[in-house]
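Participant: Before I ask anything, here is the structure I am working with.
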Amino acid sequence: MTEVLHRYCRGMDRMDKELTRACWHADGTDDHAPLYVGTADGFLDWLWPVHAAMVLTRHRITNVLIDIRDGSAGVESYWEVTLRSETDGRAVDVRSGGRYVDDFEQRDGRWAIVHRRSIREWSRADPVIDLVDPAQGQAGIIANNPEARVTLPRRDRRDYSYEVLGL
């Protein structure tokens, strides 16, 4: 189940809708009230253009508690997300945190979410001062190999990690 939670984060951050969708069973539902309440398919259809407009997204999962019952499980996990947008050349990070409370079921040997409820506990917006220059390294650190080709992150299946992970 923790792998499902982590794949959700990866799917969202790499804009891999198929990987993200696989976290729910076909009849799965999602409650991100007041933003969205309904089917998992509807949630992703609503959310995808919102995230596609972002410069980057970073989803994190921690503090996972799992209560396994006969073929089902209750799962609570803490989440934190950073959503970076850019307007008129200025970047802003919207950061939020809360908990997912998920109902999981095992069907045909596969654990997946049947229902997710997201409980947002805090949110803030911060202007971005980027301290990393891909050509030079991080602020205050002189790059040893400034001529080396930098592996840039991608928000699609062309991200380098797909070559390594075989997803």
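How things are named: the first chain in the structure tokens is A, the next is B, and so on; residues count from 1 in each chain; ligands count from 1 in the order shown.
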Just want the 7 Å neighbourhood of Trp122 (chain A), counted on only C-alpha atoms, with same-chain residues fewer than 3 positions away dropped. Output as a list in words.
Facilitator: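 The residues satisfying every condition are Ser96, Gly97 and Gly98 of chain A.
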Participant: Selection from above, N, CA and C atoms, as a PDB file, in the first residue's frame, can you write it?
Facilitator:
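Below is the file again-v5.pdb, written as the result:
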ATOM      1  N   SER A  96       1.145  23.259   0.693  1.00  0.00           N
ATOM      2  CA  SER A  96       0.039  22.816   1.534  1.00  0.00           C
ATOM      3  C   SER A  96       0.398  21.486   2.162  1.00  0.00           C
ATOM      4  N   GLY A  97      -0.264  21.193   3.260  1.00  0.00           N
ATOM      5  CA  GLY A  97      -0.062  19.912   3.919  1.00  0.00           C
ATOM      6  C   GLY A  97      -1.339  19.433   4.573  1.00  0.00           C
ATOM      7  N   GLY A  98      -1.398  18.144   4.759  1.00  0.00           N
ATOM      8  CA  GLY A  98      -2.566  17.553   5.401  1.00  0.00           C
ATOM      9  C   GLY A  98      -2.423  16.052   5.461  1.00  0.00           C
TER      10      GLY A  98
END
Participant: For the structure I just gave you, how does DSSP split chain A - specifically, which residues are strand (DSSP E or B)? Reply as a compact mmCIF listing (two decimals) with N, CA and C atoms, in the first residue's frame.
Facilitator:
# COMPACT_ATOMS: atom_id res chain seq x y z
N TRP A 24 -6.10 3.78 -7.92
CA TRP A 24 -7.47 3.50 -7.52
C TRP A 24 -7.97 2.25 -8.24
N HIS A 25 -8.92 1.56 -7.62
CA HIS A 25 -9.67 0.55 -8.35
C HIS A 25 -10.58 1.27 -9.34
N ALA A 26 -11.10 0.55 -10.32
CA ALA A 26 -11.90 1.15 -11.40
C ALA A 26 -13.07 1.96 -10.87
N ASP A 27 -13.66 1.54 -9.76
CA ASP A 27 -14.82 2.25 -9.20
C ASP A 27 -14.42 3.20 -8.07
N GLY A 28 -13.14 3.54 -7.99
CA GLY A 28 -12.63 4.38 -6.91
C GLY A 28 -13.19 5.79 -6.92
N THR A 29 -13.22 6.39 -5.73
CA THR A 29 -13.74 7.75 -5.57
C THR A 29 -12.73 8.60 -4.81
N ASP A 30 -12.92 9.92 -4.91
CA ASP A 30 -12.00 10.86 -4.28
C ASP A 30 -12.79 12.04 -3.70
N ASP A 31 -12.37 12.47 -2.51
CA ASP A 31 -12.99 13.62 -1.85
C ASP A 31 -11.89 14.60 -1.47
N HIS A 32 -11.71 15.61 -2.30
CA HIS A 32 -10.79 16.73 -2.03
C HIS A 32 -11.63 18.00 -1.80
N TYR A 36 -12.92 19.10 -5.21
CA TYR A 36 -13.49 18.04 -6.04
C TYR A 36 -14.02 16.93 -5.15
N VAL A 37 -15.19 16.41 -5.50
CA VAL A 37 -15.76 15.22 -4.87
C VAL A 37 -16.42 14.41 -5.98
N GLY A 38 -16.01 13.15 -6.12
CA GLY A 38 -16.61 12.30 -7.15
C GLY A 38 -15.71 11.12 -7.47
N THR A 39 -15.78 10.66 -8.72
CA THR A 39 -15.02 9.49 -9.13
C THR A 39 -13.53 9.83 -9.25
N LEU A 56 6.22 23.28 -11.77
CA LEU A 56 6.59 22.01 -11.15
C LEU A 56 5.61 21.70 -10.05
N THR A 57 5.53 20.42 -9.72
CA THR A 57 4.78 19.97 -8.53
C THR A 57 5.66 18.99 -7.79
N ARG A 58 5.53 18.98 -6.49
CA ARG A 58 6.32 18.07 -5.66
C ARG A 58 5.41 17.53 -4.56
N HIS A 59 5.00 16.28 -4.68
CA HIS A 59 4.15 15.63 -3.68
C HIS A 59 5.02 14.74 -2.80
N ARG A 60 4.76 14.77 -1.51
CA ARG A 60 5.49 13.95 -0.55
C ARG A 60 4.51 13.26 0.40
N ILE A 61 4.84 12.03 0.77
CA ILE A 61 4.03 11.24 1.69
C ILE A 61 4.91 10.83 2.87
N THR A 62 4.39 10.98 4.09
CA THR A 62 5.10 10.54 5.29
C THR A 62 4.09 9.96 6.27
N ASN A 63 4.61 9.47 7.40
CA ASN A 63 3.80 9.02 8.55
C ASN A 63 2.64 8.12 8.12
N VAL A 64 2.95 7.05 7.44
CA VAL A 64 1.93 6.14 6.92
C VAL A 64 1.54 5.13 8.00
N LEU A 65 0.25 5.09 8.31
CA LEU A 65 -0.31 4.10 9.24
C LEU A 65 -1.27 3.22 8.45
N ILE A 66 -1.15 1.91 8.61
CA ILE A 66 -1.98 0.97 7.86
C ILE A 66 -2.65 0.01 8.84
N ASP A 67 -3.97 -0.08 8.74
CA ASP A 67 -4.75 -1.02 9.56
C ASP A 67 -5.38 -2.03 8.60
N ILE A 68 -4.76 -3.22 8.50
CA ILE A 68 -5.22 -4.25 7.57
C ILE A 68 -6.31 -5.07 8.22
N ARG A 69 -7.40 -5.21 7.46
CA ARG A 69 -8.51 -6.07 7.85
C ARG A 69 -8.67 -7.10 6.74
N SER A 72 -9.27 -5.71 3.22
CA SER A 72 -9.37 -4.26 3.13
C SER A 72 -8.41 -3.64 4.13
N ALA A 73 -8.24 -2.35 4.02
CA ALA A 73 -7.34 -1.66 4.94
C ALA A 73 -7.73 -0.20 5.03
N GLY A 74 -7.54 0.36 6.21
CA GLY A 74 -7.64 1.79 6.40
C GLY A 74 -6.23 2.34 6.45
N VAL A 75 -5.96 3.40 5.71
CA VAL A 75 -4.61 3.95 5.62
C VAL A 75 -4.67 5.46 5.83
N GLU A 76 -3.85 5.94 6.76
CA GLU A 76 -3.69 7.38 6.95
C GLU A 76 -2.25 7.72 6.60
N SER A 77 -2.08 8.77 5.79
CA SER A 77 -0.73 9.24 5.46
C SER A 77 -0.74 10.76 5.46
N TYR A 78 0.38 11.32 5.89
CA TYR A 78 0.54 12.77 5.85
C TYR A 78 1.06 13.14 4.47
N TRP A 79 0.55 14.23 3.91
CA TRP A 79 1.02 14.69 2.61
C TRP A 79 1.46 16.15 2.71
N GLU A 80 2.40 16.47 1.85
CA GLU A 80 2.81 17.86 1.66
C GLU A 80 3.04 18.04 0.17
N VAL A 81 2.55 19.14 -0.36
CA VAL A 81 2.68 19.40 -1.80
C VAL A 81 3.20 20.81 -2.00
N THR A 82 4.08 20.95 -2.98
CA THR A 82 4.54 22.26 -3.45
C THR A 82 4.09 22.39 -4.89
N LEU A 83 3.38 23.46 -5.19
CA LEU A 83 2.91 23.75 -6.54
C LEU A 83 3.54 25.07 -6.97
N ARG A 84 4.42 25.01 -7.95
CA ARG A 84 5.08 26.24 -8.41
C ARG A 84 4.41 26.74 -9.68
N SER A 85 4.00 28.00 -9.63
CA SER A 85 3.43 28.64 -10.81
C SER A 85 4.24 29.89 -11.12
N GLU A 86 4.10 30.36 -12.33
CA GLU A 86 4.84 31.55 -12.74
C GLU A 86 3.89 32.50 -13.46
N THR A 87 3.92 33.77 -13.03
CA THR A 87 3.12 34.81 -13.65
C THR A 87 4.00 36.03 -13.86
N ARG A 90 7.51 35.92 -12.54
CA ARG A 90 7.68 35.72 -11.09
C ARG A 90 7.12 34.37 -10.68
N ALA A 91 7.95 33.61 -9.99
CA ALA A 91 7.53 32.30 -9.53
C ALA A 91 7.00 32.38 -8.10
N VAL A 92 5.97 31.60 -7.83
CA VAL A 92 5.38 31.50 -6.50
C VAL A 92 5.18 30.03 -6.19
N ASP A 93 5.58 29.63 -4.99
CA ASP A 93 5.32 28.27 -4.51
C ASP A 93 4.13 28.31 -3.57
N VAL A 94 3.09 27.56 -3.92
CA VAL A 94 1.98 27.33 -3.00
C VAL A 94 2.27 26.00 -2.34
N ARG A 95 2.39 26.03 -1.03
CA ARG A 95 2.69 24.82 -0.26
C ARG A 95 1.51 24.52 0.64
N SER A 96 1.15 23.26 0.69
CA SER A 96 0.04 22.82 1.53
C SER A 96 0.40 21.49 2.16
N GLY A 97 -0.26 21.19 3.26
CA GLY A 97 -0.06 19.91 3.92
C GLY A 97 -1.34 19.43 4.57
N GLY A 98 -1.40 18.14 4.76
CA GLY A 98 -2.57 17.55 5.40
C GLY A 98 -2.42 16.05 5.46
N ARG A 99 -3.56 15.38 5.41
CA ARG A 99 -3.57 13.92 5.50
C ARG A 99 -4.49 13.33 4.44
N TYR A 100 -4.11 12.19 3.91
CA TYR A 100 -5.02 11.36 3.13
C TYR A 100 -5.51 10.28 4.07
N VAL A 101 -6.80 10.05 4.07
CA VAL A 101 -7.38 8.92 4.79
C VAL A 101 -8.04 8.06 3.71
N ASP A 102 -7.41 6.92 3.45
CA ASP A 102 -7.79 6.07 2.32
C ASP A 102 -8.41 4.76 2.78
N ASP A 103 -9.43 4.34 2.05
CA ASP A 103 -9.95 2.99 2.16
C ASP A 103 -9.35 2.19 1.01
N PHE A 104 -8.58 1.16 1.33
CA PHE A 104 -7.98 0.28 0.34
C PHE A 104 -8.71 -1.04 0.33
N GLU A 105 -8.71 -1.70 -0.82
CA GLU A 105 -9.18 -3.08 -0.92
C GLU A 105 -8.21 -3.86 -1.77
N GLN A 106 -8.10 -5.14 -1.45
CA GLN A 106 -7.31 -6.04 -2.28
C GLN A 106 -8.28 -6.81 -3.16
N ARG A 107 -8.13 -6.65 -4.47
CA ARG A 107 -8.98 -7.34 -5.44
C ARG A 107 -8.07 -8.04 -6.42
N ARG A 110 -4.45 -7.40 -5.96
CA ARG A 110 -3.95 -6.02 -6.15
C ARG A 110 -4.59 -5.08 -5.14
N TRP A 111 -3.73 -4.40 -4.35
CA TRP A 111 -4.21 -3.39 -3.42
C TRP A 111 -4.34 -2.06 -4.16
N ALA A 112 -5.46 -1.39 -3.97
CA ALA A 112 -5.67 -0.07 -4.57
C ALA A 112 -6.71 0.68 -3.73
N ILE A 113 -6.78 1.96 -3.97
CA ILE A 113 -7.70 2.84 -3.22
C ILE A 113 -9.13 2.65 -3.73
N VAL A 114 -10.05 2.52 -2.79
CA VAL A 114 -11.47 2.50 -3.10
C VAL A 114 -12.05 3.90 -2.89
N HIS A 115 -11.63 4.54 -1.80
CA HIS A 115 -12.06 5.91 -1.53
C HIS A 115 -10.94 6.66 -0.82
N ARG A 116 -10.70 7.88 -1.30
CA ARG A 116 -9.70 8.76 -0.66
C ARG A 116 -10.40 10.02 -0.17
N ARG A 117 -10.09 10.40 1.05
CA ARG A 117 -10.51 11.70 1.58
C ARG A 117 -9.24 12.46 1.93
N SER A 118 -9.10 13.66 1.36
CA SER A 118 -7.96 14.53 1.64
C SER A 118 -8.39 15.56 2.67
N ILE A 119 -7.62 15.66 3.73
CA ILE A 119 -7.90 16.62 4.79
C ILE A 119 -6.76 17.63 4.80
N ARG A 120 -7.01 18.83 4.28
CA ARG A 120 -5.98 19.87 4.23
C ARG A 120 -5.91 20.55 5.58
N GLU A 121 -4.68 20.67 6.12
CA GLU A 121 -4.50 21.26 7.45
C GLU A 121 -3.82 22.61 7.42
N TRP A 122 -3.08 22.91 6.35
CA TRP A 122 -2.41 24.21 6.27
C TRP A 122 -2.06 24.50 4.81
N SER A 123 -1.85 25.77 4.54
CA SER A 123 -1.47 26.19 3.20
C SER A 123 -0.81 27.56 3.28
N ARG A 124 0.14 27.82 2.37
CA ARG A 124 0.81 29.12 2.33
C ARG A 124 1.36 29.34 0.93
N ALA A 125 1.63 30.59 0.59
CA ALA A 125 2.24 30.94 -0.69
C ALA A 125 3.52 31.72 -0.41
N ASP A 126 4.58 31.37 -1.14
CA ASP A 126 5.88 32.01 -0.95
C ASP A 126 6.45 32.42 -2.30
N PRO A 127 6.94 33.66 -2.43
CA PRO A 127 7.67 34.03 -3.64
C PRO A 127 8.96 33.21 -3.72
N VAL A 132 19.47 27.79 -7.34
CA VAL A 132 20.21 26.82 -8.15
C VAL A 132 20.29 27.30 -9.59
N ASP A 133 21.51 27.45 -10.10
CA ASP A 133 21.76 27.78 -11.50
C ASP A 133 22.28 26.50 -12.14
N GLY A 137 25.68 25.47 -10.53
CA GLY A 137 25.50 24.74 -9.28
C GLY A 137 24.64 25.54 -8.32
N GLN A 138 24.72 25.21 -7.06
CA GLN A 138 23.91 25.86 -6.04
C GLN A 138 24.61 27.12 -5.53
Participant: Figure out the distance between CA of Asn144 (chain A) and CA of Asp13 (chain A), please, to one decimal in Å.
Facilitator: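 A separation of 29.4 Å between them.
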Participant: As a VMD selection string, please: the residues near Arg154 (chain A) (cut-off 10 Å, only C-alpha atoms, same-chain neighbours under 3 positions excluded).
Facilitator: chain A and resid 13 to 15 56 151 157 to 161
Participant: Would you write out those residues with all heavy atoms, as a PDB file, in the first residue's frame?
Facilitator:
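Ended up saving to out_21.pdb:
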ATOM      1  N   ASP A  13       3.687  14.135 -10.112  1.00  0.00           N
ATOM      2  CA  ASP A  13       4.842  14.997 -10.379  1.00  0.00           C
ATOM      3  C   ASP A  13       5.412  14.803 -11.776  1.00  0.00           C
ATOM      4  O   ASP A  13       5.991  15.727 -12.344  1.00  0.00           O
ATOM      5  CB  ASP A  13       5.921  14.783  -9.320  1.00  0.00           C
ATOM      6  CG  ASP A  13       5.473  15.252  -7.946  1.00  0.00           C
ATOM      7  OD1 ASP A  13       4.557  16.078  -7.859  1.00  0.00           O
ATOM      8  OD2 ASP A  13       6.045  14.771  -6.958  1.00  0.00           O
ATOM      9  N   ARG A  14       5.278  13.632 -12.349  1.00  0.00           N
ATOM     10  CA  ARG A  14       5.769  13.376 -13.703  1.00  0.00           C
ATOM     11  C   ARG A  14       4.646  13.522 -14.729  1.00  0.00           C
ATOM     12  O   ARG A  14       4.834  13.231 -15.899  1.00  0.00           O
ATOM     13  CB  ARG A  14       6.391  11.978 -13.806  1.00  0.00           C
ATOM     14  CG  ARG A  14       7.574  11.744 -12.888  1.00  0.00           C
ATOM     15  CD  ARG A  14       8.893  12.376 -13.326  1.00  0.00           C
ATOM     16  NE  ARG A  14       8.952  13.809 -13.345  1.00  0.00           N
ATOM     17  CZ  ARG A  14       9.230  14.603 -12.300  1.00  0.00           C
ATOM     18  NH1 ARG A  14       9.441  14.087 -11.110  1.00  0.00           N
ATOM     19  NH2 ARG A  14       9.269  15.919 -12.432  1.00  0.00           N
ATOM     20  N   MET A  15       3.465  13.918 -14.281  1.00  0.00           N
ATOM     21  CA  MET A  15       2.299  14.068 -15.153  1.00  0.00           C
ATOM     22  C   MET A  15       2.030  12.769 -15.930  1.00  0.00           C
ATOM     23  O   MET A  15       1.761  12.765 -17.126  1.00  0.00           O
ATOM     24  CB  MET A  15       2.478  15.249 -16.115  1.00  0.00           C
ATOM     25  CG  MET A  15       2.559  16.610 -15.431  1.00  0.00           C
ATOM     26  SD  MET A  15       1.054  17.087 -14.536  1.00  0.00           S
ATOM     27  CE  MET A  15      -0.145  17.201 -15.836  1.00  0.00           C
ATOM     28  N   LEU A  56       6.221  23.279 -11.770  1.00  0.00           N
ATOM     29  CA  LEU A  56       6.587  22.008 -11.152  1.00  0.00           C
ATOM     30  C   LEU A  56       5.610  21.696 -10.045  1.00  0.00           C
ATOM     31  O   LEU A  56       4.926  22.581  -9.529  1.00  0.00           O
ATOM     32  CB  LEU A  56       8.023  22.022 -10.608  1.00  0.00           C
ATOM     33  CG  LEU A  56       8.351  22.906  -9.386  1.00  0.00           C
ATOM     34  CD1 LEU A  56       7.981  22.232  -8.072  1.00  0.00           C
ATOM     35  CD2 LEU A  56       9.825  23.234  -9.375  1.00  0.00           C
ATOM     36  N   THR A 151      21.320  16.985 -16.065  1.00  0.00           N
ATOM     37  CA  THR A 151      20.086  16.238 -16.280  1.00  0.00           C
ATOM     38  C   THR A 151      18.941  17.067 -15.722  1.00  0.00           C
ATOM     39  O   THR A 151      18.809  17.226 -14.504  1.00  0.00           O
ATOM     40  CB  THR A 151      20.137  14.866 -15.587  1.00  0.00           C
ATOM     41  OG1 THR A 151      21.266  14.144 -16.075  1.00  0.00           O
ATOM     42  CG2 THR A 151      18.864  14.085 -15.830  1.00  0.00           C
ATOM     43  N   ARG A 157       6.995  11.373 -19.438  1.00  0.00           N
ATOM     44  CA  ARG A 157       7.686  10.083 -19.483  1.00  0.00           C
ATOM     45  C   ARG A 157       9.095  10.179 -20.070  1.00  0.00           C
ATOM     46  O   ARG A 157       9.803   9.188 -20.143  1.00  0.00           O
ATOM     47  CB  ARG A 157       6.849   9.060 -20.244  1.00  0.00           C
ATOM     48  CG  ARG A 157       5.520   8.758 -19.514  1.00  0.00           C
ATOM     49  CD  ARG A 157       4.771   7.630 -20.163  1.00  0.00           C
ATOM     50  NE  ARG A 157       5.428   6.365 -20.005  1.00  0.00           N
ATOM     51  CZ  ARG A 157       5.333   5.564 -18.942  1.00  0.00           C
ATOM     52  NH1 ARG A 157       4.607   5.929 -17.913  1.00  0.00           N
ATOM     53  NH2 ARG A 157       5.966   4.412 -18.905  1.00  0.00           N
ATOM     54  N   ARG A 158       9.518  11.377 -20.483  1.00  0.00           N
ATOM     55  CA  ARG A 158      10.889  11.563 -20.951  1.00  0.00           C
ATOM     56  C   ARG A 158      11.847  11.881 -19.799  1.00  0.00           C
ATOM     57  O   ARG A 158      13.043  12.041 -20.025  1.00  0.00           O
ATOM     58  CB  ARG A 158      10.943  12.659 -22.016  1.00  0.00           C
ATOM     59  CG  ARG A 158      10.235  12.222 -23.315  1.00  0.00           C
ATOM     60  CD  ARG A 158      10.191  13.340 -24.298  1.00  0.00           C
ATOM     61  NE  ARG A 158       9.261  14.352 -23.768  1.00  0.00           N
ATOM     62  CZ  ARG A 158       9.053  15.530 -24.313  1.00  0.00           C
ATOM     63  NH1 ARG A 158       9.703  15.897 -25.391  1.00  0.00           N
ATOM     64  NH2 ARG A 158       8.190  16.373 -23.782  1.00  0.00           N
ATOM     65  N   ASP A 159      11.328  11.946 -18.571  1.00  0.00           N
ATOM     66  CA  ASP A 159      12.187  12.151 -17.416  1.00  0.00           C
ATOM     67  C   ASP A 159      13.168  10.978 -17.320  1.00  0.00           C
ATOM     68  O   ASP A 159      12.796   9.817 -17.546  1.00  0.00           O
ATOM     69  CB  ASP A 159      11.347  12.234 -16.138  1.00  0.00           C
ATOM     70  CG  ASP A 159      12.180  12.622 -14.935  1.00  0.00           C
ATOM     71  OD1 ASP A 159      12.484  13.816 -14.798  1.00  0.00           O
ATOM     72  OD2 ASP A 159      12.522  11.717 -14.134  1.00  0.00           O
ATOM     73  N   TYR A 160      14.419  11.280 -16.986  1.00  0.00           N
ATOM     74  CA  TYR A 160      15.476  10.264 -16.929  1.00  0.00           C
ATOM     75  C   TYR A 160      15.102   9.064 -16.054  1.00  0.00           C
ATOM     76  O   TYR A 160      15.484   7.927 -16.336  1.00  0.00           O
ATOM     77  CB  TYR A 160      16.782  10.904 -16.437  1.00  0.00           C
ATOM     78  CG  TYR A 160      17.892   9.915 -16.246  1.00  0.00           C
ATOM     79  CD1 TYR A 160      18.497   9.303 -17.330  1.00  0.00           C
ATOM     80  CD2 TYR A 160      18.316   9.574 -14.959  1.00  0.00           C
ATOM     81  CE1 TYR A 160      19.519   8.375 -17.152  1.00  0.00           C
ATOM     82  CE2 TYR A 160      19.335   8.646 -14.771  1.00  0.00           C
ATOM     83  CZ  TYR A 160      19.927   8.051 -15.867  1.00  0.00           C
ATOM     84  OH  TYR A 160      20.929   7.141 -15.675  1.00  0.00           O
ATOM     85  N   SER A 161      14.347   9.284 -15.008  1.00  0.00           N
ATOM     86  CA  SER A 161      14.019   8.211 -14.072  1.00  0.00           C
ATOM     87  C   SER A 161      13.268   7.067 -14.755  1.00  0.00           C
ATOM     88  O   SER A 161      13.376   5.914 -14.320  1.00  0.00           O
ATOM     89  CB  SER A 161      13.180   8.756 -12.909  1.00  0.00           C
ATOM     90  OG  SER A 161      11.965   9.294 -13.387  1.00  0.00           O
TER      91      SER A 161
END
Participant: Could you check the closest approach to Arg155 (chain A) for each of A:Leu44, A:Ala22, A:Val50, A:Met12 and tell me which residue wins, using only C-alpha atoms?
Facilitator: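 Of A:Leu44, A:Ala22, A:Val50, A:Met12, the one nearest Arg155 (chain A), counting only C-alpha atoms, is A:Met12.
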Participant: What does the structure give for the distance between CA of Glu163 (chain A) and CA of Glu18 (chain A), in Å to one decimal?
Facilitator: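 For CA of Glu163 (chain A) relative to CA of Glu18 (chain A), the distance reads 17.1 Å.
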Participant: Which is closest to Gly109 (chain A) among A:Gly71, A:Trp48, A:Asp16, A:Ala53, if we use only C-alpha atoms?
Facilitator: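 Ranking A:Gly71, A:Trp48, A:Asp16, A:Ala53 by distance to Gly109 (chain A), first place goes to A:Gly71.
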Participant: Please measure the separation of CA of His51 (chain A) and CA of Leu152 (chain A), giving the value in Å to one decimal.
Facilitator: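 Calculated distance between CA of His51 (chain A) and CA of Leu152 (chain A) is 18.8 Å.
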Participant: DSSP on the backbone: what in region 27-152 of chain A comes out alpha helix (DSSP H), as an MDAnalysis selection string?
Facilitator: chainID A and resid 40:52
Participant: Nearest residue to Ile129 (chain A) out of A:Asp108, A:Arg149, A:Asp156, A:Gly89, using only C-alpha atoms?
Facilitator: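 Between A:Asp108, A:Arg149, A:Asp156, A:Gly89, the residue approaching Ile129 (chain A) most closely is A:Gly89.
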